[in-house]
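Asks: After the structure tokens below, expect a handful of questions from me.
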Protein chains: 2
Amino acid sequence: AVRLRPATGALITGGFWAGRRAVNRDVCVPEGWDRLHEAGNFHNLELAAARVTGDYVNDLPFLDSDLYKWLEAVAWTLDDPDLGSGPADQLLRRLAESTELLGAVQQEDGYLNSHFQVRFPGERFVQLPWGHELYCAGHLIQAAVALHRSTGEDGLLAIGRRVADLAVRAFGTGPGQVDGVCGHPEIETALVELYRETGERSYLDLAVYFVDRRGHGLLGDGRFGRHYWQDHTPVRDTLTAEGHSVRQLYLLAGVADVYVETGDATLLAAVERVWSEMVATKTYLTGGIGSHHRDEAFGDPYELPNERSYCETCAAIASIHLSWRMLMITGEAKYADLLERTLYNGFLAGLSLDGKRYIYANPLQVRDGHVASGDDGDYVRVPWFRCACCPPNVMRLLASLEHYVLLSDEGSLALHQFMTGTYSAEVAGGEARLAVTTDYPWDGAVRIRVEDGPDAPWTLALRVPGWAEGAGLTVNGTAVGGGALDGWWRVERSWAAGDEVLLTLPLEPRLTAADPRLDVDRGCVALERGPLVYCLEGVDHDGHRLDDLVLAADQPLVSAAEDGELGPVVVVRATGAVRGRPAAAWWPYGSAAAVAAPAAEPAALTAVPYFTWGNRAEGAMRVWVPSA
Amino acid sequence: AVRLRPATGALITGGFWAGRRAVNRDVCVPEGWDRLHEAGNFHNLELAAARVTGDYVNDLPFLDSDLYKWLEAVAWTLDDPDLGSGPADQLLRRLAESTELLGAVQQEDGYLNSHFQVRFPGERFVQLPWGHELYCAGHLIQAAVALHRSTGEDGLLAIGRRVADLAVRAFGTGPGQVDGVCGHPEIETALVELYRETGERSYLDLAVYFVDRRGHGLLGDGRFGRHYWQDHTPVRDTLTAEGHSVRQLYLLAGVADVYVETGDATLLAAVERVWSEMVATKTYLTGGIGSHHRDEAFGDPYELPNERSYCETCAAIASIHLSWRMLMITGEAKYADLLERTLYNGFLAGLSLDGKRYIYANPLQVRDGHVASGDDGDYVRVPWFRCACCPPNVMRLLASLEHYVLLSDEGSLALHQFMTGTYSAEVAGGEARLAVTTDYPWDGAVRIRVEDGPDAPWTLALRVPGWAEGAGLTVNGTAVGGGALDGWWRVERSWAAGDEVLLTLPLEPRLTAADPRLDVDRGCVALERGPLVYCLEGVDHDGHRLDDLVLAADQPLVSAAEDGELGPVVVVRATGAVRGRPAAAWWPYGSAAAVAAPAAEPAALTAVPYFTWGNRAEGAMRVWVPSA
């Protein structure tokens with residue numbers, strides 16, 4: 001059922017992402033340990049282990065999962081070729097200390113959840129809608145699997161298995177079992193991964209059960225309706241992406257995983273349907289998803305407000321997880337296109353350039369005169385959150401990023417992301433190894449050197465992003481024709497070590513418009529260059545209100561490499577104007593003549609990559625700019 | 001300090017508003033009694049009076065205020081000339097029963113609040129941020145004042161005075177007093193009204209104190225920040241409309257009232273400033289306000305999302321209250337213009353045509369495929385709400401509507417709204433009385449007959465709305481020149497009983513555009529006719545998705561009177577098209593060519609008055625329509 005398999009080896013060794021991963025390794029992950037202590041996550045577990053006294057900190061029920069995601073990040077970071085031995089030793093000590101603590105918290109029958117053990121000791125598996133017990137269990141299992149894969153360490157895996165074994169006994173339709181699902185999906189994909197890691201079939205069966213039982217109203221209406229937790233309709237009948245974005249996408253990732261192991265085509269069809277609906281009508285240009293702050297949810301089709309875009313960083317991560325799974329299942333390049341877009345924009349903006357601050361919701365527009373309305377880090381990055389799901393989620397994705405570059409099938413290696421490093425995969429005849437060198441996304445040249453591989457012919461499949469019109473390809477200096485078909489440029493030949501392939505992706509800045517049904521973007525353009533979405537920031541525009549700027553769509557766009565406050569970036573300069581104010585004095589509506597703006601003053605516009613916004617100053621920002 | 005005074009007499013006797021008031025009188029108010037019983041409001045008060053046992057119903061702290069607003073509606077309804085004697089007797093019995101109950105609940109020192117008496121008996125005046133104690137007290141006082149004015153009945157007034165006297169003793173900076181303000185303004189305007197009704201100066205002084213003490217952080221940050229309850233800056237320093245919309249406008253109404261009684265010009269300047277900022281940058285075409293569902297708050301300047309417009313019905317009412325006060329204070333017609341717009345659109349849409357259902361938030365757009373996210377009556381009218389602030393607020397405004405028609409000053413009568421009825425006011429030399437006859441807003445002819453008045457010359461000032469270009473005026477059949485100046489057409493002469501004035505307001509349908517800074521309305525037009533905003537509904541468009549419709553701005557608009565499911569209305573027909581779907585398959589963004597819609601099919605568009613939307617069927621609706 002699966003078209004493409006994960007690489008057998010992958011190391012990111014340089015270039016853009018090595019820089020971001022260095023920040024993650026040297027700043028985010030080490031500081032995460034401190035933040036988790038300050039925020040009470042360890043204190044709460046120590047309470048549950050009866051090692052300290054005091055009050056449980058924070059009434060959110062899923063604090064344990066912050067630690068689990070951090071542990072998963074540690075697991076993958078231990079694979080980082082540039083991790084020094086001192087930091088590695090420190091991580092291993094912290095890992096051992098955490099594992100020991102979790103072992104002490106875990107009850108005899110495998111139960112492990114500090115929130116319920118401390119605050120609701122008698123209420124195991126009864127607060128399913130909001131309790132996040134299985135969600136937390138899922139993240140524990142994912143961390144355990146990651147650690148086992150990266151280091152072979154099985155202490156955490158044993159703890160995770162005991163948690164899973166308890167869930168297998170506790171949930172189901174048999175006598176004495178709880179017939180229910182968790183209000184926040186996550187356990188499904190974790191159970192499939194644990195099945196893969198251990199071969200224990202009951203884990204897969206439980207994942208199937210959770211997928212099957214969702215959509216039958218077991219969770220009740222809750223505060224936001226059944227759509228919120230995707231309990232409004234059975235998975236196989238679902239037509240549209242609904243409700244809480246992270247819940248929807250974690251669920252779909254689990255459904256895709258269950259499909260892979262069971263071959264149940266009705267599940268695949270549902271995921272394809274919902275993904276398509278989501279992407280066509282409910283996804284921002286940045287790949288971000290979620291249109292409502294109130295319920296962190298998808299909006300209606302084409303409801304994508306820019307100032308109130310929610311675009312939770314965790315939802316971007318969930319989208320990447322899902323697209324990656326669907327890419328492997330189908331081999332369709334569109335999934336890799338969305339993955340790339342989300343990675344460079346909707347996801348990456350979630351972390352400050354220095355790695356010290358995170359943002360929860362990623363707006364596509366911040367108005368001049370914005371007033372924060374009391375959210376944790378609303379429109380500005382902060383060191384941590386009361387609800388700190390995003391920071392360790394960022395860490396685990398960056399730490400595991402090398403897995404998202406190369407896939408393979410019987411006869412081909414499929415390079416779907418462009419990151420400097422070495423990647424190997426099985427093809428018929430043996431393992432092939434590639435070395436990739438690129439300054440992407442700043443430069444469009446991607447050099448691929450065949451390091452090793454079987455003698456028999458195999459195909460090198462290079463993804464050509466949808467925006468890359470006019471891409472070129474040479475093999476050992478000779479141009480190759482044919483071009484990309486359905487997003488893949490495939491070259492089949494007998495490869496020899498030392499063969500050099502050069503993929504050239506045109507990185508001219510471009511103006512992008514939106515489907516006319518996207519009301520909020522009407523009459524606007526966005527600037528893009530390669531995989532990057534750009535934005536205007538107030539700080540680059542001389543005190544003008546961004547609300548007053550327009551972009552001249554018929555004037556040239558100029559790329560300029562800079563290395564200033566934002567580090568090495570390519571900015572894009574455009575010609576525009578500062579619009580005057582309409583004559584209509586007190587009321588902003590009227591005849592076309594009454595609200596027409598008077599003559600505009602020319603202005604030079606500077607656009608910076610969206611992922612860098614808000615790193616220099618607080619202030620206005622916008623991705624979509626009125627065009628003239 | 002006040003330019004215009006309230007009329008001395010006013011009766012609405014026919015036409016459009018008599019119809020809406022009949023529904024209020026015959027359906028809303030009588031059914032309100034039943035709803036208040038079903039929802040537990042009476043039960044809670046009976047609990048507080050120790051007449052029943054059981055649990056307090058609903059954990060919202062302001063349920064008493066629902067009853068108070070209903071009592072205020074009853075007070076004004078008793079003035080309705082078309083109220084029959086049977087219904088009048090029933091209202092008087094219910095009024096007496098309610099007053100007796102409130103008297104039984106009231107404690108010896110005047111305290112009266114069922115929520116705190118039953119649920120938090122020891123916590124009087126300590127939960128000021130969220131407790132709504134003074135808010136409830138304010139609504140009680142307003143009901144008492146209304147009843148005293150309309151009937152002379154003083155039983156409720158005595159109860160209200162005891163509540164106010166307690167507040168006077170309890171609040172202030174003296175020893176043993178609480179130095180604080182209520183998280184929800186309302187008491188300020190009530191205290192000024194009570195001062196006017198009783199002459200007791202301490203009520204006014206307390207109102208001044210509450211206005212002065214706001215903006216000093218006494219309420220803390222709360223969940224949504226200090227802006228939420230306008231505690232971020234002292235009233236006199238406020239530049240912008242911020243936070244919870246109803247709180248902001250109730251506060252400003254109180255500030256305006258305090259200005260009227262104290263002449264403190266710094267207060268007037270603040271209200272004028274904030275009103276102007278709100279209207280220019282934070283008000284929807286319908287007069288609705290509030291851009292966020294999450295905190296029911298104003299957004300940033302120009303942040304007016306159509307699908308997520310909050311536009312709480314109560315906020316429209318608050319806006320009407322404020323504009324009316326500012327109209328009296330300044331005499332400026334713009335306040336009457338906004339009042340009218342809000343009354344016919346943002347307010348009136350809050351009630352179903354049959355008077356049986358209410359809506360809390362009034363969207364300007366409902367998408368095809370809209371999914372409710374668990375709100376009380378999100379995007380659809382329902383009989384009542386868990387948080388039922390809006391229904392009795394609708395009732396009290398409709399019941400008191402005759403007060404919002406005519407004002408006067410020394411030398412003139414100012415007719416600022418056009419409703420069939422009789423209105424009288426004092427001018428120099430005596431009382432003048434007018435009889436107004438009109439089919440407005442369906443027809444633009446407003447006939448004003450002078451019924452009586454002093455012999456000396458006085459001025460009849462007729463408001464000419466900003467949209468009414470080409471208005472005409474005759475006196476006894478003879479055209480009068482001059483036209484409107486600053487929104488008023490003033491005719492000074494010696495009037496005789498029987499003089500007939502005919503104001504003709506052109507009601508051609510018109511296309512309205514928005515200030516270019518209003519991103520969400522870019523490239524769209526709205527249909528308006530007279531004071532009415534129009535909208536498209538899915539039910540009128542043959543199963544086409546409204547997302548696919550465009551309006552041909554260069555084609556004629558045709559008005560058509562109908563009397564079908566919507567009752568007597570004028571609909572507007574326009575020429576438009578159904579847009580094709582762009583070729584771009586899976587991703588809704590791309591080059592202008594990629595997202596351009598293919599050829600459109602012609603379509604006939606039918607627009608209905610916004611206030612009638614959602615009365616025939618659930619489905620899509622939009623006010624702003626893309627124009628081609």
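Convention: chains lettered A, B, ... in structure tokens order; per-chain residue numbering from 1; ligands numbered from 1 as shown.
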Could you list, as a PyMOL selection string, every residue within 8 Å of Ala561 (chain B), counting only C-alpha atoms and ignoring same-chain residues fewer than 2 positions away?
Replies: chain B and resi 559+563+568-571
Asks: Generate the output file for the selected residues, all heavy atoms, as an mmCIF file, in the first residue's frame.
Replies:
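Just written: selection_26.cif:
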data_model
loop_
_atom_site.group_PDB
_atom_site.id
_atom_site.type_symbol
_atom_site.label_atom_id
_atom_site.label_comp_id
_atom_site.auth_asym_id
_atom_site.auth_seq_id
_atom_site.Cartn_x
_atom_site.Cartn_y
_atom_site.Cartn_z
ATOM 1 N N SER B 559 -35.732 48.343 -7.595
ATOM 2 C CA SER B 559 -36.484 48.086 -6.360
ATOM 3 C C SER B 559 -37.808 47.431 -6.694
ATOM 4 O O SER B 559 -38.438 47.760 -7.708
ATOM 5 C CB SER B 559 -36.790 49.399 -5.629
ATOM 6 O OG SER B 559 -35.612 50.080 -5.309
ATOM 7 N N ASP B 563 -44.741 41.337 -0.761
ATOM 8 C CA ASP B 563 -45.375 41.051 0.524
ATOM 9 C C ASP B 563 -45.529 39.540 0.655
ATOM 10 O O ASP B 563 -46.616 39.001 0.530
ATOM 11 C CB ASP B 563 -46.713 41.776 0.645
ATOM 12 C CG ASP B 563 -47.244 41.744 2.074
ATOM 13 O OD1 ASP B 563 -46.598 41.103 2.941
ATOM 14 O OD2 ASP B 563 -48.289 42.357 2.325
ATOM 15 N N PRO B 568 -44.256 42.820 4.247
ATOM 16 C CA PRO B 568 -44.065 43.874 3.251
ATOM 17 C C PRO B 568 -42.633 44.399 3.282
ATOM 18 O O PRO B 568 -42.186 44.920 4.296
ATOM 19 C CB PRO B 568 -45.056 44.963 3.700
ATOM 20 C CG PRO B 568 -45.328 44.682 5.133
ATOM 21 C CD PRO B 568 -45.108 43.222 5.368
ATOM 22 N N VAL B 569 -41.950 44.193 2.193
ATOM 23 C CA VAL B 569 -40.577 44.688 2.070
ATOM 24 C C VAL B 569 -40.341 45.177 0.654
ATOM 25 O O VAL B 569 -41.098 44.851 -0.251
ATOM 26 C CB VAL B 569 -39.512 43.595 2.345
ATOM 27 C CG1 VAL B 569 -39.535 43.122 3.786
ATOM 28 C CG2 VAL B 569 -39.674 42.419 1.384
ATOM 29 N N VAL B 570 -39.304 45.966 0.505
ATOM 30 C CA VAL B 570 -38.811 46.292 -0.826
ATOM 31 C C VAL B 570 -37.513 45.515 -1.029
ATOM 32 O O VAL B 570 -36.582 45.643 -0.230
ATOM 33 C CB VAL B 570 -38.559 47.804 -0.972
ATOM 34 C CG1 VAL B 570 -37.876 48.111 -2.308
ATOM 35 C CG2 VAL B 570 -39.876 48.564 -0.858
ATOM 36 N N VAL B 571 -37.505 44.664 -2.039
ATOM 37 C CA VAL B 571 -36.261 43.965 -2.371
ATOM 38 C C VAL B 571 -35.584 44.711 -3.510
ATOM 39 O O VAL B 571 -36.205 45.551 -4.174
ATOM 40 C CB VAL B 571 -36.508 42.491 -2.763
ATOM 41 C CG1 VAL B 571 -37.232 41.743 -1.646
ATOM 42 C CG2 VAL B 571 -37.296 42.405 -4.073
#
Asks: Residues of chain A were defined as contacting chain B if any atom lay at most 6 Å from it, counting only C-alpha atoms; please report them as JSON, numbers by chain.
Replies: {"A": [224, 225, 280, 294, 300, 370, 373, 374, 512, 513, 514, 515, 517, 520, 547, 586, 587, 588, 589, 590, 591, 592, 595]}
Asks: Counting only C-alpha atoms, what is within 10 Å of region 312-319 of chain A, bar same-chain residues fewer than 2 positions away, as a ChimeraX atom specification?
Replies: /A:244-253,275,286-291,293,296-297,309-310,321-325,335,338-339,341-343,345-351,358-363,389-394,396-397
Asks: Hey, what's within 9 Å of Leu140 (chain A) if we count only C-alpha atoms and toss same-chain stuff fewer than 5 positions away? As a compact mmCIF listing (two decimals) with N, CA, C and O atoms, in the first residue's frame, please?
Replies:
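Output (around_24.txt):
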# COMPACT_ATOMS: atom_id res chain seq x y z
N ASP A 64 2.29 16.80 31.31
CA ASP A 64 3.25 15.70 31.11
C ASP A 64 3.69 15.62 29.65
O ASP A 64 4.84 15.29 29.35
N SER A 65 2.76 15.94 28.75
CA SER A 65 3.09 15.77 27.32
C SER A 65 4.18 16.75 26.88
O SER A 65 4.90 16.47 25.92
N LEU A 67 6.84 17.46 28.55
CA LEU A 67 8.08 16.73 28.82
C LEU A 67 8.30 15.64 27.78
O LEU A 67 9.41 15.44 27.28
N TYR A 68 7.22 14.90 27.44
CA TYR A 68 7.39 13.80 26.49
C TYR A 68 7.87 14.31 25.14
O TYR A 68 8.71 13.70 24.48
N LYS A 69 7.33 15.44 24.71
CA LYS A 69 7.77 15.98 23.42
C LYS A 69 9.22 16.44 23.50
O LYS A 69 10.00 16.28 22.56
N LEU A 71 11.44 15.08 25.46
CA LEU A 71 12.23 13.84 25.43
C LEU A 71 12.37 13.30 24.01
O LEU A 71 13.43 12.79 23.63
N GLU A 72 11.32 13.43 23.23
CA GLU A 72 11.43 12.99 21.83
C GLU A 72 12.46 13.85 21.11
O GLU A 72 13.27 13.34 20.32
N TYR A 135 -3.90 11.19 25.08
CA TYR A 135 -3.02 12.12 24.35
C TYR A 135 -1.64 12.11 24.99
O TYR A 135 -0.62 11.98 24.32
N VAL A 145 9.51 5.44 21.47
CA VAL A 145 9.86 4.85 20.18
C VAL A 145 11.03 5.60 19.55
O VAL A 145 11.97 4.99 19.02
N LEU A 156 12.76 3.76 28.53
CA LEU A 156 11.53 4.53 28.31
C LEU A 156 10.52 3.70 27.51
O LEU A 156 9.30 3.81 27.72
N LEU A 157 11.04 2.86 26.62
CA LEU A 157 10.14 2.02 25.83
C LEU A 157 9.37 1.05 26.74
O LEU A 157 8.17 0.81 26.53
N ILE A 159 8.51 1.60 29.80
CA ILE A 159 7.46 2.41 30.45
C ILE A 159 6.31 2.65 29.48
O ILE A 159 5.13 2.49 29.82
N GLY A 160 6.65 3.02 28.25
CA GLY A 160 5.62 3.28 27.25
C GLY A 160 4.79 2.03 26.94
O GLY A 160 3.58 2.12 26.75
N VAL A 163 2.27 1.49 29.62
CA VAL A 163 1.14 2.41 29.42
C VAL A 163 0.21 1.90 28.33
O VAL A 163 -1.02 1.88 28.47
N ALA A 190 0.64 6.99 17.70
CA ALA A 190 1.64 6.45 18.62
C ALA A 190 1.53 4.93 18.73
O ALA A 190 2.54 4.21 18.75
Asks: List every residue of region 273-480 of chain B that DSSP, applied to the backbone of this structure, assigns to alpha helix (DSSP H), and report them as a PyMOL selection string.
Replies: chain B and resi 273-281+313-330+333-341+390-399
Asks: Need to verify the contact set: Ala484 (chain B), 9 Å, only C-alpha atoms, exclusion of same-chain residues closer than 2 positions in sequence. Can you return it as a ChimeraX atom specification?
Replies: /B:462-464,471,482,486-490
Asks: How about saving the chosen residues, C-alpha atoms kept, as a PDB file, in the first residue's frame?
Replies:
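File written: result-v7.pdb
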ATOM      1  CA  LEU B 462     -35.461  67.939   9.698  1.00  0.00           C
ATOM      2  CA  ARG B 463     -32.523  65.625   9.526  1.00  0.00           C
ATOM      3  CA  VAL B 464     -31.463  64.747   5.993  1.00  0.00           C
ATOM      4  CA  ALA B 471     -33.777  65.456  -0.926  1.00  0.00           C
ATOM      5  CA  GLY B 482     -31.733  76.004   0.834  1.00  0.00           C
ATOM      6  CA  ASP B 486     -24.607  69.813   8.235  1.00  0.00           C
ATOM      7  CA  GLY B 487     -27.371  67.265   7.966  1.00  0.00           C
ATOM      8  CA  TRP B 488     -30.291  69.483   9.040  1.00  0.00           C
ATOM      9  CA  TRP B 489     -32.821  71.147   6.772  1.00  0.00           C
ATOM     10  CA  ARG B 490     -34.072  74.021   8.881  1.00  0.00           C
TER      11      ARG B 490
END
Asks: For the structure I just gave you, how does DSSP split region 404-589 of chain B - specifically, which residues are strand (DSSP E or B)? Reply as a VMD selection string.
Replies: chain B and resid 406 to 409 412 to 415 421 to 427 430 to 438 445 to 452 458 to 463 472 to 475 478 to 479 485 488 to 493 500 to 504 510 to 514 524 to 529 532 to 537 549 to 551 558 to 564 567 to 578 589
Asks: Tell me which protein, DNA and RNA residues are within 7 Å of Leu460 (chain A), counting only C-alpha atoms, leaving out same-chain ones fewer than 6 positions away, and put them as an MDAnalysis selection string.
Replies: chainID A and resid 412:414 490:492
Asks: Could you list, as number ranges by chain, every residue within 12 Å of Thr151 (chain B), counting only C-alpha atoms and ignoring same-chain residues fewer than 3 positions away?
Replies: B: 72, 74-80, 88, 92, 95, 143-148, 154-157
Asks: In Å, rounded to a single decimal, give me how far CA of Ala164 (chain A) is from CA of Thr53 (chain A).
Replies: 28.7 Å
